[in-house]
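The file work_25.cif contains mmCIF, C-alpha atoms:
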```
data_query
#
loop_
_atom_site.group_PDB
_atom_site.id
_atom_site.type_symbol
_atom_site.label_atom_id
_atom_site.label_comp_id
_atom_site.auth_asym_id
_atom_site.auth_seq_id
_atom_site.Cartn_x
_atom_site.Cartn_y
_atom_site.Cartn_z
ATOM 1 C CA MET Q 1 109.327 91.986 106.334
ATOM 2 C CA ARG Q 2 106.495 89.453 106.398
ATOM 3 C CA MET Q 3 104.409 89.272 103.220
ATOM 4 C CA ASN Q 4 100.735 88.298 103.184
ATOM 5 C CA PRO Q 5 98.181 87.538 100.489
ATOM 6 C CA LEU Q 6 95.524 90.274 100.470
ATOM 7 C CA GLY Q 7 92.501 88.001 100.543
ATOM 8 C CA ARG Q 8 91.340 86.721 97.154
ATOM 9 C CA SER Q 9 92.658 89.836 95.384
ATOM 10 C CA GLY Q 10 95.711 88.132 93.948
ATOM 11 C CA LEU Q 11 97.974 90.763 95.538
ATOM 12 C CA THR Q 12 100.731 89.875 97.969
ATOM 13 C CA VAL Q 13 101.694 92.753 100.246
ATOM 14 C CA SER Q 14 104.014 93.519 103.126
ATOM 15 C CA ARG Q 15 102.211 93.414 106.450
ATOM 16 C CA MET Q 16 103.314 97.006 106.975
ATOM 17 C CA CYS Q 17 101.731 99.478 104.575
ATOM 18 C CA PHE Q 18 103.237 102.976 104.262
ATOM 19 C CA GLY Q 19 100.357 105.430 104.645
ATOM 20 C CA THR Q 20 101.258 108.582 102.729
ATOM 21 C CA LEU Q 21 98.687 110.942 104.275
ATOM 22 C CA THR Q 22 101.281 112.136 106.796
ATOM 23 C CA MET Q 23 103.565 113.513 104.077
ATOM 24 C CA SER Q 24 100.710 115.124 102.145
ATOM 25 C CA PRO Q 25 99.678 118.785 101.972
ATOM 26 C CA LEU Q 26 96.935 117.860 104.451
ATOM 27 C CA GLN Q 27 99.548 117.212 107.122
ATOM 28 C CA GLN Q 28 103.339 117.706 106.884
ATOM 29 C CA ASN Q 29 103.299 119.051 103.322
ATOM 30 C CA MET Q 30 106.600 117.457 102.353
ATOM 31 C CA THR Q 31 108.118 118.182 98.984
ATOM 32 C CA PRO Q 32 107.849 115.325 96.487
ATOM 33 C CA GLU Q 33 111.603 114.827 96.798
ATOM 34 C CA ALA Q 34 111.475 114.530 100.601
ATOM 35 C CA GLY Q 35 108.510 112.180 100.493
ATOM 36 C CA ALA Q 36 110.118 110.045 97.806
ATOM 37 C CA ARG Q 37 113.275 109.666 99.895
ATOM 38 C CA LEU Q 38 111.220 108.251 102.769
ATOM 39 C CA LEU Q 39 109.313 105.891 100.494
ATOM 40 C CA VAL Q 40 112.537 104.588 98.957
ATOM 41 C CA TYR Q 41 114.104 104.172 102.386
ATOM 42 C CA ALA Q 42 111.107 102.143 103.584
ATOM 43 C CA TYR Q 43 111.289 100.050 100.406
ATOM 44 C CA GLU Q 44 114.930 99.278 101.124
ATOM 45 C CA LYS Q 45 113.830 98.118 104.571
ATOM 46 C CA GLY Q 46 111.401 95.642 103.053
ATOM 47 C CA VAL Q 47 108.141 97.610 102.856
ATOM 48 C CA ARG Q 48 106.358 96.759 99.614
ATOM 49 C CA PHE Q 49 102.901 98.259 100.092
ATOM 50 C CA LEU Q 50 101.799 101.903 100.169
ATOM 51 C CA ASP Q 51 98.488 103.690 100.430
ATOM 52 C CA THR Q 52 97.474 107.024 98.948
ATOM 53 C CA ALA Q 53 94.347 108.773 97.667
ATOM 54 C CA ASP Q 54 93.225 111.177 94.993
ATOM 55 C CA LEU Q 55 92.659 113.639 97.847
ATOM 56 C CA TYR Q 56 96.112 113.388 99.405
ATOM 57 C CA GLY Q 57 98.185 115.037 96.686
ATOM 58 C CA THR Q 58 101.012 112.505 97.062
ATOM 59 C CA TYR Q 59 101.094 111.095 93.539
ATOM 60 C CA PRO Q 60 104.195 113.213 92.738
ATOM 61 C CA HIS Q 61 105.992 111.817 95.792
ATOM 62 C CA ILE Q 62 105.165 108.257 94.765
ATOM 63 C CA ALA Q 63 106.037 108.770 91.107
ATOM 64 C CA LEU Q 64 109.540 109.894 92.098
ATOM 65 C CA ALA Q 65 109.932 106.987 94.504
ATOM 66 C CA LEU Q 66 108.948 104.420 91.868
ATOM 67 C CA LYS Q 67 112.113 105.200 89.921
ATOM 68 C CA ASP Q 68 114.111 103.491 92.670
ATOM 69 C CA ALA Q 69 111.366 101.402 94.256
ATOM 70 C CA PRO Q 70 109.491 99.936 91.279
ATOM 71 C CA ASP Q 71 107.876 96.990 93.033
ATOM 72 C CA TYR Q 72 105.654 98.858 95.440
ATOM 73 C CA VAL Q 73 102.070 97.611 95.481
ATOM 74 C CA ILE Q 74 100.079 100.846 95.263
ATOM 75 C CA SER Q 75 96.651 101.325 96.769
ATOM 76 C CA THR Q 76 94.750 104.493 95.961
ATOM 77 C CA LYS Q 77 91.187 105.662 96.423
ATOM 78 C CA ALA Q 78 88.857 108.400 95.236
ATOM 79 C CA TYR Q 79 85.355 109.790 95.655
ATOM 80 C CA CYS Q 80 83.521 108.249 92.685
ATOM 81 C CA TRP Q 81 79.821 107.602 92.218
ATOM 82 C CA ASP Q 82 79.393 106.875 88.505
ATOM 83 C CA ARG Q 83 81.317 105.933 85.388
ATOM 84 C CA PRO Q 84 82.584 109.436 84.478
ATOM 85 C CA THR Q 85 83.863 110.222 87.974
ATOM 86 C CA ALA Q 86 85.568 106.841 88.281
ATOM 87 C CA GLN Q 87 87.154 107.185 84.846
ATOM 88 C CA ALA Q 88 88.427 110.686 85.638
ATOM 89 C CA ALA Q 89 89.867 109.622 88.994
ATOM 90 C CA LEU Q 90 91.582 106.608 87.485
ATOM 91 C CA GLU Q 91 93.108 108.731 84.742
ATOM 92 C CA ARG Q 92 94.398 111.187 87.367
ATOM 93 C CA ALA Q 93 96.053 108.261 89.121
ATOM 94 C CA TYR Q 94 97.681 107.084 85.905
ATOM 95 C CA ARG Q 95 99.003 110.550 85.104
ATOM 96 C CA GLY Q 96 100.081 111.281 88.650
ATOM 97 C CA LEU Q 97 101.869 107.991 89.186
ATOM 98 C CA GLY Q 98 103.350 107.794 85.709
ATOM 99 C CA ARG Q 99 101.829 104.343 85.213
ATOM 100 C CA ASP Q 100 99.019 102.856 83.170
ATOM 101 C CA TYR Q 101 98.177 100.355 85.913
ATOM 102 C CA VAL Q 102 97.051 100.639 89.546
ATOM 103 C CA ASP Q 103 97.349 97.629 91.845
ATOM 104 C CA LEU Q 104 94.353 98.492 94.040
ATOM 105 C CA PHE Q 105 91.741 101.173 93.383
ATOM 106 C CA MET Q 106 89.114 101.839 96.043
ATOM 107 C CA LEU Q 107 86.056 103.993 96.503
ATOM 108 C CA HIS Q 108 86.921 106.414 99.296
ATOM 109 C CA GLU Q 109 84.925 106.640 102.555
ATOM 110 C CA GLN Q 110 81.954 104.450 101.813
ATOM 111 C CA GLU Q 111 79.268 104.245 104.499
ATOM 112 C CA SER Q 112 76.614 101.586 103.975
ATOM 113 C CA LEU Q 113 74.728 99.294 101.638
ATOM 114 C CA TYR Q 114 72.875 102.349 100.343
ATOM 115 C CA THR Q 115 76.112 104.207 99.607
ATOM 116 C CA LEU Q 116 77.514 101.228 97.750
ATOM 117 C CA ARG Q 117 74.315 100.782 95.758
ATOM 118 C CA GLY Q 118 74.385 104.473 94.892
ATOM 119 C CA HIS Q 119 77.982 104.123 93.684
ATOM 120 C CA GLU Q 120 77.538 100.768 91.961
ATOM 121 C CA GLU Q 121 78.065 102.279 88.514
ATOM 122 C CA ALA Q 122 81.545 103.370 89.607
ATOM 123 C CA LEU Q 123 82.263 99.891 90.974
ATOM 124 C CA GLU Q 124 81.138 98.324 87.711
ATOM 125 C CA TYR Q 125 83.439 100.615 85.731
ATOM 126 C CA LEU Q 126 86.375 99.694 87.971
ATOM 127 C CA ALA Q 127 85.551 96.005 87.553
ATOM 128 C CA GLU Q 128 85.647 96.494 83.779
ATOM 129 C CA GLN Q 129 89.075 98.092 84.051
ATOM 130 C CA LYS Q 130 90.231 95.183 86.176
ATOM 131 C CA ALA Q 131 89.053 92.758 83.496
ATOM 132 C CA ARG Q 132 91.036 94.761 80.913
ATOM 133 C CA GLY Q 133 94.187 94.572 83.001
ATOM 134 C CA HIS Q 134 94.333 98.248 84.010
ATOM 135 C CA ILE Q 135 93.572 97.629 87.705
ATOM 136 C CA GLY Q 136 94.797 94.766 89.835
ATOM 137 C CA THR Q 137 91.771 94.695 92.107
ATOM 138 C CA VAL Q 138 88.899 96.807 93.468
ATOM 139 C CA GLY Q 139 88.045 97.797 97.016
ATOM 140 C CA VAL Q 140 86.473 100.292 99.397
ATOM 141 C CA SER Q 141 87.700 102.306 102.362
ATOM 142 C CA THR Q 142 85.406 103.026 105.270
ATOM 143 C CA HIS Q 143 84.946 104.198 108.859
ATOM 144 C CA PHE Q 144 81.576 102.396 109.058
ATOM 145 C CA VAL Q 145 80.676 98.923 110.284
ATOM 146 C CA ALA Q 146 77.651 98.995 107.960
ATOM 147 C CA CYS Q 147 79.883 99.290 104.908
ATOM 148 C CA VAL Q 148 82.058 96.352 105.967
ATOM 149 C CA LYS Q 149 78.905 94.286 106.441
ATOM 150 C CA ALA Q 150 77.531 95.290 103.028
ATOM 151 C CA ALA Q 151 80.669 95.019 100.916
ATOM 152 C CA PRO Q 152 80.554 91.204 100.470
ATOM 153 C CA ARG Q 153 77.248 91.632 98.609
ATOM 154 C CA PHE Q 154 79.180 93.217 95.735
ATOM 155 C CA PRO Q 155 81.251 90.607 93.894
ATOM 156 C CA MET Q 156 83.618 93.207 92.427
ATOM 157 C CA ILE Q 157 84.871 94.234 95.896
ATOM 158 C CA ASP Q 158 87.933 92.171 96.807
ATOM 159 C CA VAL Q 159 89.497 94.418 99.467
ATOM 160 C CA ILE Q 160 88.219 96.496 102.392
ATOM 161 C CA HIS Q 161 90.310 99.199 104.067
ATOM 162 C CA PRO Q 162 88.489 99.705 107.398
ATOM 163 C CA LEU Q 163 89.213 101.934 110.363
ATOM 164 C CA ILE Q 164 89.998 99.706 113.320
ATOM 165 C CA ASN Q 165 92.015 100.292 116.468
ATOM 166 C CA LEU Q 166 92.206 99.211 120.089
ATOM 167 C CA GLU Q 167 89.646 101.718 121.364
ATOM 168 C CA GLY Q 168 87.501 101.946 118.250
ATOM 169 C CA ILE Q 169 88.246 105.661 117.902
ATOM 170 C CA GLY Q 170 86.740 107.020 114.693
ATOM 171 C CA ILE Q 171 84.327 104.153 114.012
ATOM 172 C CA GLN Q 172 81.168 106.024 113.143
ATOM 173 C CA ASP Q 173 78.387 103.526 113.800
ATOM 174 C CA GLY Q 174 79.507 101.012 116.393
ATOM 175 C CA SER Q 175 82.211 99.673 118.644
ATOM 176 C CA ARG Q 176 85.513 97.967 118.006
ATOM 177 C CA LYS Q 177 83.792 94.641 118.645
ATOM 178 C CA ASP Q 178 81.148 95.465 116.043
ATOM 179 C CA MET Q 179 83.850 96.246 113.483
ATOM 180 C CA GLU Q 180 85.796 93.091 114.336
ATOM 181 C CA SER Q 181 82.665 90.984 113.796
ATOM 182 C CA ALA Q 182 81.985 92.597 110.414
ATOM 183 C CA ILE Q 183 85.619 92.174 109.333
ATOM 184 C CA ALA Q 184 85.600 88.508 110.349
ATOM 185 C CA ALA Q 185 82.496 87.883 108.222
ATOM 186 C CA ALA Q 186 84.080 89.625 105.236
ATOM 187 C CA ARG Q 187 87.268 87.586 105.594
ATOM 188 C CA GLU Q 188 85.226 84.400 105.536
ATOM 189 C CA ARG Q 189 84.092 85.489 102.071
ATOM 190 C CA GLY Q 190 87.707 85.852 100.932
ATOM 191 C CA ILE Q 191 87.918 89.638 101.127
ATOM 192 C CA GLY Q 192 91.325 91.111 101.932
ATOM 193 C CA ILE Q 193 91.572 93.471 104.895
ATOM 194 C CA PHE Q 194 94.160 96.156 105.511
ATOM 195 C CA ALA Q 195 93.582 98.427 108.466
ATOM 196 C CA MET Q 196 93.821 102.182 108.796
ATOM 197 C CA LYS Q 197 94.460 104.385 111.862
ATOM 198 C CA PRO Q 198 95.881 101.823 114.314
ATOM 199 C CA LEU Q 199 96.735 104.786 116.567
ATOM 200 C CA GLY Q 200 93.355 106.450 116.071
ATOM 201 C CA GLY Q 201 94.777 109.271 113.981
ATOM 202 C CA GLY Q 202 97.370 109.932 116.687
ATOM 203 C CA HIS Q 203 94.939 109.904 119.600
ATOM 204 C CA LEU Q 204 96.324 106.648 121.036
ATOM 205 C CA ILE Q 205 99.950 107.744 121.060
ATOM 206 C CA SER Q 206 100.042 107.796 124.860
ATOM 207 C CA GLY Q 207 99.173 104.088 124.799
ATOM 208 C CA SER Q 208 100.895 103.229 121.569
ATOM 209 C CA LYS Q 209 102.454 99.970 122.739
ATOM 210 C CA ALA Q 210 99.081 98.396 123.519
ATOM 211 C CA ALA Q 211 97.459 99.926 120.424
ATOM 212 C CA LEU Q 212 100.156 98.710 118.056
ATOM 213 C CA GLU Q 213 100.328 95.273 119.633
ATOM 214 C CA TYR Q 214 96.577 94.996 119.090
ATOM 215 C CA ALA Q 215 96.993 95.753 115.372
ATOM 216 C CA LEU Q 216 100.067 93.595 114.876
ATOM 217 C CA ASN Q 217 98.632 90.566 116.650
ATOM 218 C CA ASN Q 218 95.163 90.795 115.113
ATOM 219 C CA PRO Q 219 94.612 87.754 112.867
ATOM 220 C CA LEU Q 220 91.810 89.570 111.041
ATOM 221 C CA LEU Q 221 94.235 91.996 109.376
ATOM 222 C CA ASP Q 222 96.355 91.143 106.333
ATOM 223 C CA ALA Q 223 98.202 94.472 106.556
ATOM 224 C CA VAL Q 224 98.226 97.656 108.616
ATOM 225 C CA ALA Q 225 98.712 101.142 107.162
ATOM 226 C CA ILE Q 226 100.814 103.461 109.289
ATOM 227 C CA GLY Q 227 101.995 106.978 108.535
ATOM 228 C CA MET Q 228 105.669 107.887 108.945
ATOM 229 C CA GLN Q 229 107.473 111.202 108.731
ATOM 230 C CA SER Q 230 111.155 110.388 109.246
ATOM 231 C CA VAL Q 231 113.848 107.785 108.718
ATOM 232 C CA GLU Q 232 113.874 107.201 112.479
ATOM 233 C CA GLU Q 233 110.164 106.430 112.487
ATOM 234 C CA ILE Q 234 110.578 104.036 109.584
ATOM 235 C CA ASP Q 235 113.397 102.221 111.365
ATOM 236 C CA ALA Q 236 111.380 101.900 114.568
ATOM 237 C CA ASP Q 237 108.156 100.846 112.827
ATOM 238 C CA VAL Q 238 109.906 98.262 110.649
ATOM 239 C CA ALA Q 239 111.596 96.888 113.765
ATOM 240 C CA MET Q 240 108.192 96.708 115.456
ATOM 241 C CA PHE Q 241 106.632 94.811 112.555
ATOM 242 C CA GLU Q 242 109.611 92.450 112.527
ATOM 243 C CA GLY Q 243 109.250 91.681 116.231
ATOM 244 C CA ASP Q 244 112.238 93.615 117.596
ATOM 245 C CA PRO Q 245 111.630 94.000 121.374
ATOM 246 C CA THR Q 246 113.422 97.371 121.406
ATOM 247 C CA ALA Q 247 111.064 98.920 118.841
ATOM 248 C CA PHE Q 248 108.494 100.283 121.278
ATOM 249 C CA GLU Q 249 111.166 101.979 123.371
ATOM 250 C CA ARG Q 250 112.531 103.611 120.231
ATOM 251 C CA LEU Q 251 109.066 104.777 119.230
ATOM 252 C CA GLU Q 252 108.532 106.208 122.716
ATOM 253 C CA LYS Q 253 111.625 108.392 122.328
ATOM 254 C CA LEU Q 254 110.435 109.645 118.945
ATOM 255 C CA ARG Q 255 107.261 111.019 120.512
ATOM 256 C CA HIS Q 256 109.178 113.671 122.444
ATOM 257 C CA ARG Q 257 108.965 116.419 119.853
ATOM 258 C CA GLU Q 258 107.248 119.749 119.471
ATOM 259 C CA ARG Q 259 103.552 119.222 118.900
ATOM 260 C CA ARG Q 260 100.584 121.183 117.639
ATOM 261 C CA VAL Q 261 96.901 120.708 116.912
ATOM 262 C CA MET Q 262 95.931 120.808 113.256
ATOM 263 C CA VAL Q 263 92.371 121.366 112.021
ATOM 264 C CA HIS Q 264 91.752 120.009 108.525
ATOM 265 C CA ASP Q 265 89.937 121.996 105.857
ATOM 266 C CA TRP Q 266 86.860 119.754 106.003
ATOM 267 C CA CYS Q 267 85.959 120.984 109.513
ATOM 268 C CA GLU Q 268 82.235 121.775 109.581
ATOM 269 C CA GLY Q 269 82.351 124.003 112.658
ATOM 270 C CA CYS Q 270 79.994 121.795 114.673
ATOM 271 C CA GLY Q 271 81.562 122.978 117.934
ATOM 272 C CA LYS Q 272 81.817 119.559 119.591
ATOM 273 C CA CYS Q 273 85.573 119.953 119.977
ATOM 274 C CA ALA Q 274 85.168 123.348 121.683
ATOM 275 C CA ALA Q 275 82.564 121.957 124.068
ATOM 276 C CA ARG Q 276 84.910 119.122 124.998
ATOM 277 C CA CYS Q 277 88.032 121.242 125.593
ATOM 278 C CA ARG Q 278 88.578 121.814 129.308
ATOM 279 C CA GLN Q 279 91.314 124.359 128.556
ATOM 280 C CA LYS Q 280 89.046 126.626 126.480
ATOM 281 C CA ALA Q 281 91.684 126.445 123.747
ATOM 282 C CA ILE Q 282 89.242 125.997 120.855
ATOM 283 C CA GLU Q 283 86.516 128.184 119.478
ATOM 284 C CA VAL Q 284 84.535 128.196 116.250
ATOM 285 C CA VAL Q 285 85.312 131.221 114.096
ATOM 286 C CA ASN Q 286 83.609 131.769 110.736
ATOM 287 C CA GLY Q 287 82.368 128.182 110.660
ATOM 288 C CA ARG Q 288 85.672 126.478 111.470
ATOM 289 C CA ALA Q 289 87.439 125.356 114.651
ATOM 290 C CA VAL Q 290 90.418 127.526 115.605
ATOM 291 C CA VAL Q 291 92.991 126.413 118.192
ATOM 292 C CA ASP Q 292 94.851 128.689 120.597
ATOM 293 C CA GLN Q 293 98.111 126.750 120.746
ATOM 294 C CA ALA Q 294 99.242 128.698 123.838
ATOM 295 C CA LYS Q 295 96.317 127.322 125.870
ATOM 296 C CA CYS Q 296 96.366 123.820 124.432
ATOM 297 C CA VAL Q 297 97.795 120.974 126.537
ATOM 298 C CA TYR Q 298 97.722 118.490 123.620
ATOM 299 C CA CYS Q 299 95.572 115.968 125.429
ATOM 300 C CA GLY Q 300 93.781 115.012 122.216
ATOM 301 C CA TYR Q 301 90.330 114.986 123.801
ATOM 302 C CA CYS Q 302 89.075 117.454 121.200
ATOM 303 C CA ALA Q 303 90.037 115.024 118.464
ATOM 304 C CA ARG Q 304 88.108 112.237 120.125
ATOM 305 C CA ALA Q 305 85.024 114.482 120.136
ATOM 306 C CA CYS Q 306 85.268 115.350 116.423
ATOM 307 C CA PRO Q 307 82.700 113.383 114.375
ATOM 308 C CA GLN Q 308 84.533 114.230 111.142
ATOM 309 C CA PHE Q 309 87.967 113.064 112.335
ATOM 310 C CA CYS Q 310 89.402 116.389 111.144
ATOM 311 C CA ILE Q 311 91.493 117.354 114.195
ATOM 312 C CA LYS Q 312 94.892 115.796 114.816
ATOM 313 C CA VAL Q 313 97.689 116.330 117.303
ATOM 314 C CA VAL Q 314 100.905 116.212 115.254
#
```

What does the file become when written as structure tokens?
Amino acid sequence: MRMNPLGRSGLTVSRMCFGTLTMSPLQQNMTPEAGARLLVYAYEKGVRFLDTADLYGTYPHIALALKDAPDYVISTKAYCWDRPTAQAALERAYRGLGRDYVDLFMLHEQESLYTLRGHEEALEYLAEQKARGHIGTVGVSTHFVACVKAAPRFPMIDVIHPLINLEGIGIQDGSRKDMESAIAAARERGIGIFAMKPLGGGHLISGSKAALEYALNNPLLDAVAIGMQSVEEIDADVAMFEGDPTAFERLEKLRHRERRVMVHDWCEGCGKCAARCRQKAIEVVNGRAVVDQAKCVYCGYCARACPQFCIKVV
């Protein structure tokens, strides 16, 4: 597995990052033991980088995996806006992971210069912890071009975890080209970039070969986070990252499984998904989107319409 420096952060990571959202209670709700087995298996295949979050609930999975896979570089993130919230989130990470050190700690879902300025106290606290040797480096995750543009103004930010994919699905304030331009400018300043949602949260599965080739061949990206739910997926994804020409065919076969539409708890009931659904399979009930699985054809168009990125076909 190819290893890359993550910008000026001092971290060296595998180009493939194991995104643990898929095993979390928000999605597949794997037991810590089941999740740990997958993480260890990926580690044995050469993956050395994983991503989690305070929100995901996967610290127990990772803590178990670290017993057999101790050299994982761990990225986590949390919603912090001042010193107390950052301190509390960092302490939760320490307790959850069973470590007194986190390789990369990021502010979760930042939006713009104004968001970053409003959360600067949290960034300053994290920078202090980095100076004391408790954090390897500091970063931000974002779905916004404006945040990527603003992040280089803050000297404590060494890494950006942006949403970027072939069709720009999920980018909240611009196009794929806009995001690419902002990422390129950040890289020129030495900031490390590892991408999220190369398949648009699952919405690009039907064109996964083109979408994954875009991510893998993109020189702007030091690493790409991808969620995996089985040994077979790990094998196929590792093969893909290592340039095996059979990998895409193997991934295609893995897609033939029972599917369903999942609506996350943060749905705001805006109704845009229901308006988009040609099958009339979605309605808003008590302020939340509800899916009639019997009517659904799993096209994913509802997910594309969701401004909160809270609907996924799994």

Evaluate the PyMOL selection byres ((chain Q and resi 189) around 12) against this structure - the residues, as a CSV table (one decimal) with C-alpha atoms, in the frame of the given file, please.
```csv
chain,number,residue,atom,x,y,z
Q,7,GLY,CA,92.5,88.0,100.5
Q,8,ARG,CA,91.3,86.7,97.2
Q,9,SER,CA,92.7,89.8,95.4
Q,148,VAL,CA,82.1,96.4,106.0
Q,149,LYS,CA,78.9,94.3,106.4
Q,150,ALA,CA,77.5,95.3,103.0
Q,151,ALA,CA,80.7,95.0,100.9
Q,152,PRO,CA,80.6,91.2,100.5
Q,153,ARG,CA,77.2,91.6,98.6
Q,154,PHE,CA,79.2,93.2,95.7
Q,155,PRO,CA,81.3,90.6,93.9
Q,157,ILE,CA,84.9,94.2,95.9
Q,158,ASP,CA,87.9,92.2,96.8
Q,159,VAL,CA,89.5,94.4,99.5
Q,160,ILE,CA,88.2,96.5,102.4
Q,182,ALA,CA,82.0,92.6,110.4
Q,183,ILE,CA,85.6,92.2,109.3
Q,184,ALA,CA,85.6,88.5,110.3
Q,185,ALA,CA,82.5,87.9,108.2
Q,186,ALA,CA,84.1,89.6,105.2
Q,187,ARG,CA,87.3,87.6,105.6
Q,188,GLU,CA,85.2,84.4,105.5
Q,190,GLY,CA,87.7,85.9,100.9
Q,191,ILE,CA,87.9,89.6,101.1
Q,192,GLY,CA,91.3,91.1,101.9
Q,193,ILE,CA,91.6,93.5,104.9
```

| field | Residues within 9 Å of (89.6, 108.7, 98.2), file coords, all atoms listed in the file, listed as JSON, numbers by chain | value | {"Q": [52, 53, 54, 55, 56, 76, 77, 78, 79, 80, 106, 107, 108, 109, 141]}

| Ile311 (chain Q) environment, 6 Å, all atoms listed in the file, sequence neighbours closer than 4 positions dropped, as a PyMOL selection string | chain Q and resi 262-263+303

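Straight-line separation from CA of Val40 (chain Q) to CA of Asp235 (chain Q): 12.7 Å.
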
Please provide as a PDB file with C-alpha atoms, in the coordinates of the input all residues within 10 Å of Phe241 (chain Q), with the sequence filter that same-chain residues fewer than 5 positions apart are discarded (counting all atoms listed in the file).
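Generated file (out.pdb):
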```
ATOM      1  CA  MET Q   1     109.327  91.986 106.334  1.00  0.00           C
ATOM      2  CA  ARG Q   2     106.495  89.453 106.398  1.00  0.00           C
ATOM      3  CA  SER Q  14     104.014  93.519 103.126  1.00  0.00           C
ATOM      4  CA  ARG Q  15     102.211  93.414 106.450  1.00  0.00           C
ATOM      5  CA  MET Q  16     103.314  97.006 106.975  1.00  0.00           C
ATOM      6  CA  LEU Q 212     100.156  98.710 118.056  1.00  0.00           C
ATOM      7  CA  GLU Q 213     100.328  95.273 119.633  1.00  0.00           C
ATOM      8  CA  LEU Q 216     100.067  93.595 114.876  1.00  0.00           C
ATOM      9  CA  ASN Q 217      98.632  90.566 116.650  1.00  0.00           C
ATOM     10  CA  VAL Q 224      98.226  97.656 108.616  1.00  0.00           C
ATOM     11  CA  ALA Q 236     111.380 101.900 114.568  1.00  0.00           C
ATOM     12  CA  ALA Q 247     111.064  98.920 118.841  1.00  0.00           C
TER      13      ALA Q 247
END
```

| said: Env of Asp173 (chain Q): 9 Å cut, atoms = all atoms listed in the file, seq-sep filter 6 positions within chain, self excluded. Answer as a PyMOL selection string. | reply: chain Q and resi 143-146

| Atomic separation - CA of Trp266 (chain Q) relative to CA of Phe309 (chain Q), Å | 9.3 Å

| Selected residue, from Q:Ala36, Q:Ile205, Q:Ala86, Q:Leu104, that lies nearest to Glu121 (chain Q) when counting all atoms listed in the file |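 So, comparing all the options, the nearest one is Q:Ala86.
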
| said: I need the residue nearest Ser75 (chain Q) from this list: Q:Glu91, Q:Ala225, Q:Ser24, Q:Ala122. Use all atoms listed in the file for the distance. | reply: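 The shortest atom-to-atom distance to Ser75 (chain Q) comes from Q:Ala225.
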
| Just so the selection is clear, what residues does the PyMOL selection byres ((chain Q and resi 308) around 12) cover here, as a count of residues only? | 28

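Excluding Ala281 (chain Q) itself and same-chain residues fewer than 2 positions from it, the residues having an atom within 9 Å of it are Ala274, Cys277, Arg278, Gln279, Glu283, Val290, Val291, Asp292, Gln293, Ala294, Lys295, Cys296 and Val297 of chain Q, counting only C-alpha atoms.
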
| said: For a quick check of understanding, using only C-alpha atoms, which of Q:Trp81, Q:Phe49, Q:Phe105, Q:Tyr125 has the smallest distance to Thr12 (chain Q)? | reply: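 Checking each of Q:Trp81, Q:Phe49, Q:Phe105, Q:Tyr125 against Thr12 (chain Q), counting only C-alpha atoms, the winner is Q:Phe49.
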
| task | Enter the distance from CA of Asp178 (chain Q) to CA of Leu199 (chain Q), in Å, rounded to one decimal. | result | 18.2 Å

| task | Pick out the residues sitting within 12 Å of His134 (chain Q), and hand them over as a PyMOL selection string; count all atoms listed in the file, and ignore anything fewer than 4 positions along from it in its own chain. | result | chain Q and resi 87+90-91+93-94+99-105+125-130+138

| said: Distance cut-off 10 Å, centre (105.5, 113.9, 104.1) in file coordinates, counting all atoms listed in the file: which residues qualify? Return them as a PyMOL selection string. | reply: chain Q and resi 19-39+58+61+227-230

| request: Find, counting all atoms listed in the file, the residue in Q:Leu6, Q:Val13, Q:Gly287, Q:Lys45 that gets nearest to Gly139 (chain Q). | output: Q:Leu6

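Residue nearest Asp71 (chain Q) within the list Q:Pro219, Q:Pro198, Q:Gly207, Q:Gly46: Q:Gly46 [criterion: smallest interatomic distance, only C-alpha atoms].
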
Give me region 104-110 of chain Q with N, CA, C and O atoms filled in, as a PDB file, in the frame of the given file.
```
ATOM      1  N   LEU Q 104      95.619  98.528  93.292  1.00  0.00           N
ATOM      2  CA  LEU Q 104      94.353  98.492  94.040  1.00  0.00           C
ATOM      3  C   LEU Q 104      93.706  99.868  93.959  1.00  0.00           C
ATOM      4  O   LEU Q 104      94.319 100.867  94.348  1.00  0.00           O
ATOM      5  N   PHE Q 105      92.479  99.917  93.457  1.00  0.00           N
ATOM      6  CA  PHE Q 105      91.741 101.173  93.383  1.00  0.00           C
ATOM      7  C   PHE Q 105      90.464 101.014  94.199  1.00  0.00           C
ATOM      8  O   PHE Q 105      89.691 100.082  93.988  1.00  0.00           O
ATOM      9  N   MET Q 106      90.253 101.949  95.128  1.00  0.00           N
ATOM     10  CA  MET Q 106      89.114 101.839  96.043  1.00  0.00           C
ATOM     11  C   MET Q 106      88.214 103.068  95.974  1.00  0.00           C
ATOM     12  O   MET Q 106      88.675 104.175  95.698  1.00  0.00           O
ATOM     13  N   LEU Q 107      86.955 102.873  96.272  1.00  0.00           N
ATOM     14  CA  LEU Q 107      86.056 103.993  96.503  1.00  0.00           C
ATOM     15  C   LEU Q 107      86.312 104.497  97.921  1.00  0.00           C
ATOM     16  O   LEU Q 107      86.333 103.718  98.876  1.00  0.00           O
ATOM     17  N   HIS Q 108      86.477 105.796  98.048  1.00  0.00           N
ATOM     18  CA  HIS Q 108      86.921 106.414  99.296  1.00  0.00           C
ATOM     19  C   HIS Q 108      85.728 106.676 100.230  1.00  0.00           C
ATOM     20  O   HIS Q 108      84.703 107.186  99.808  1.00  0.00           O
ATOM     21  N   GLU Q 109      85.882 106.318 101.492  1.00  0.00           N
ATOM     22  CA  GLU Q 109      84.925 106.640 102.555  1.00  0.00           C
ATOM     23  C   GLU Q 109      83.480 106.241 102.230  1.00  0.00           C
ATOM     24  O   GLU Q 109      82.568 107.059 102.256  1.00  0.00           O
ATOM     25  N   GLN Q 110      83.300 104.970 102.010  1.00  0.00           N
ATOM     26  CA  GLN Q 110      81.954 104.450 101.813  1.00  0.00           C
ATOM     27  C   GLN Q 110      81.294 104.214 103.180  1.00  0.00           C
ATOM     28  O   GLN Q 110      81.976 103.999 104.180  1.00  0.00           O
TER      29      GLN Q 110
END
```
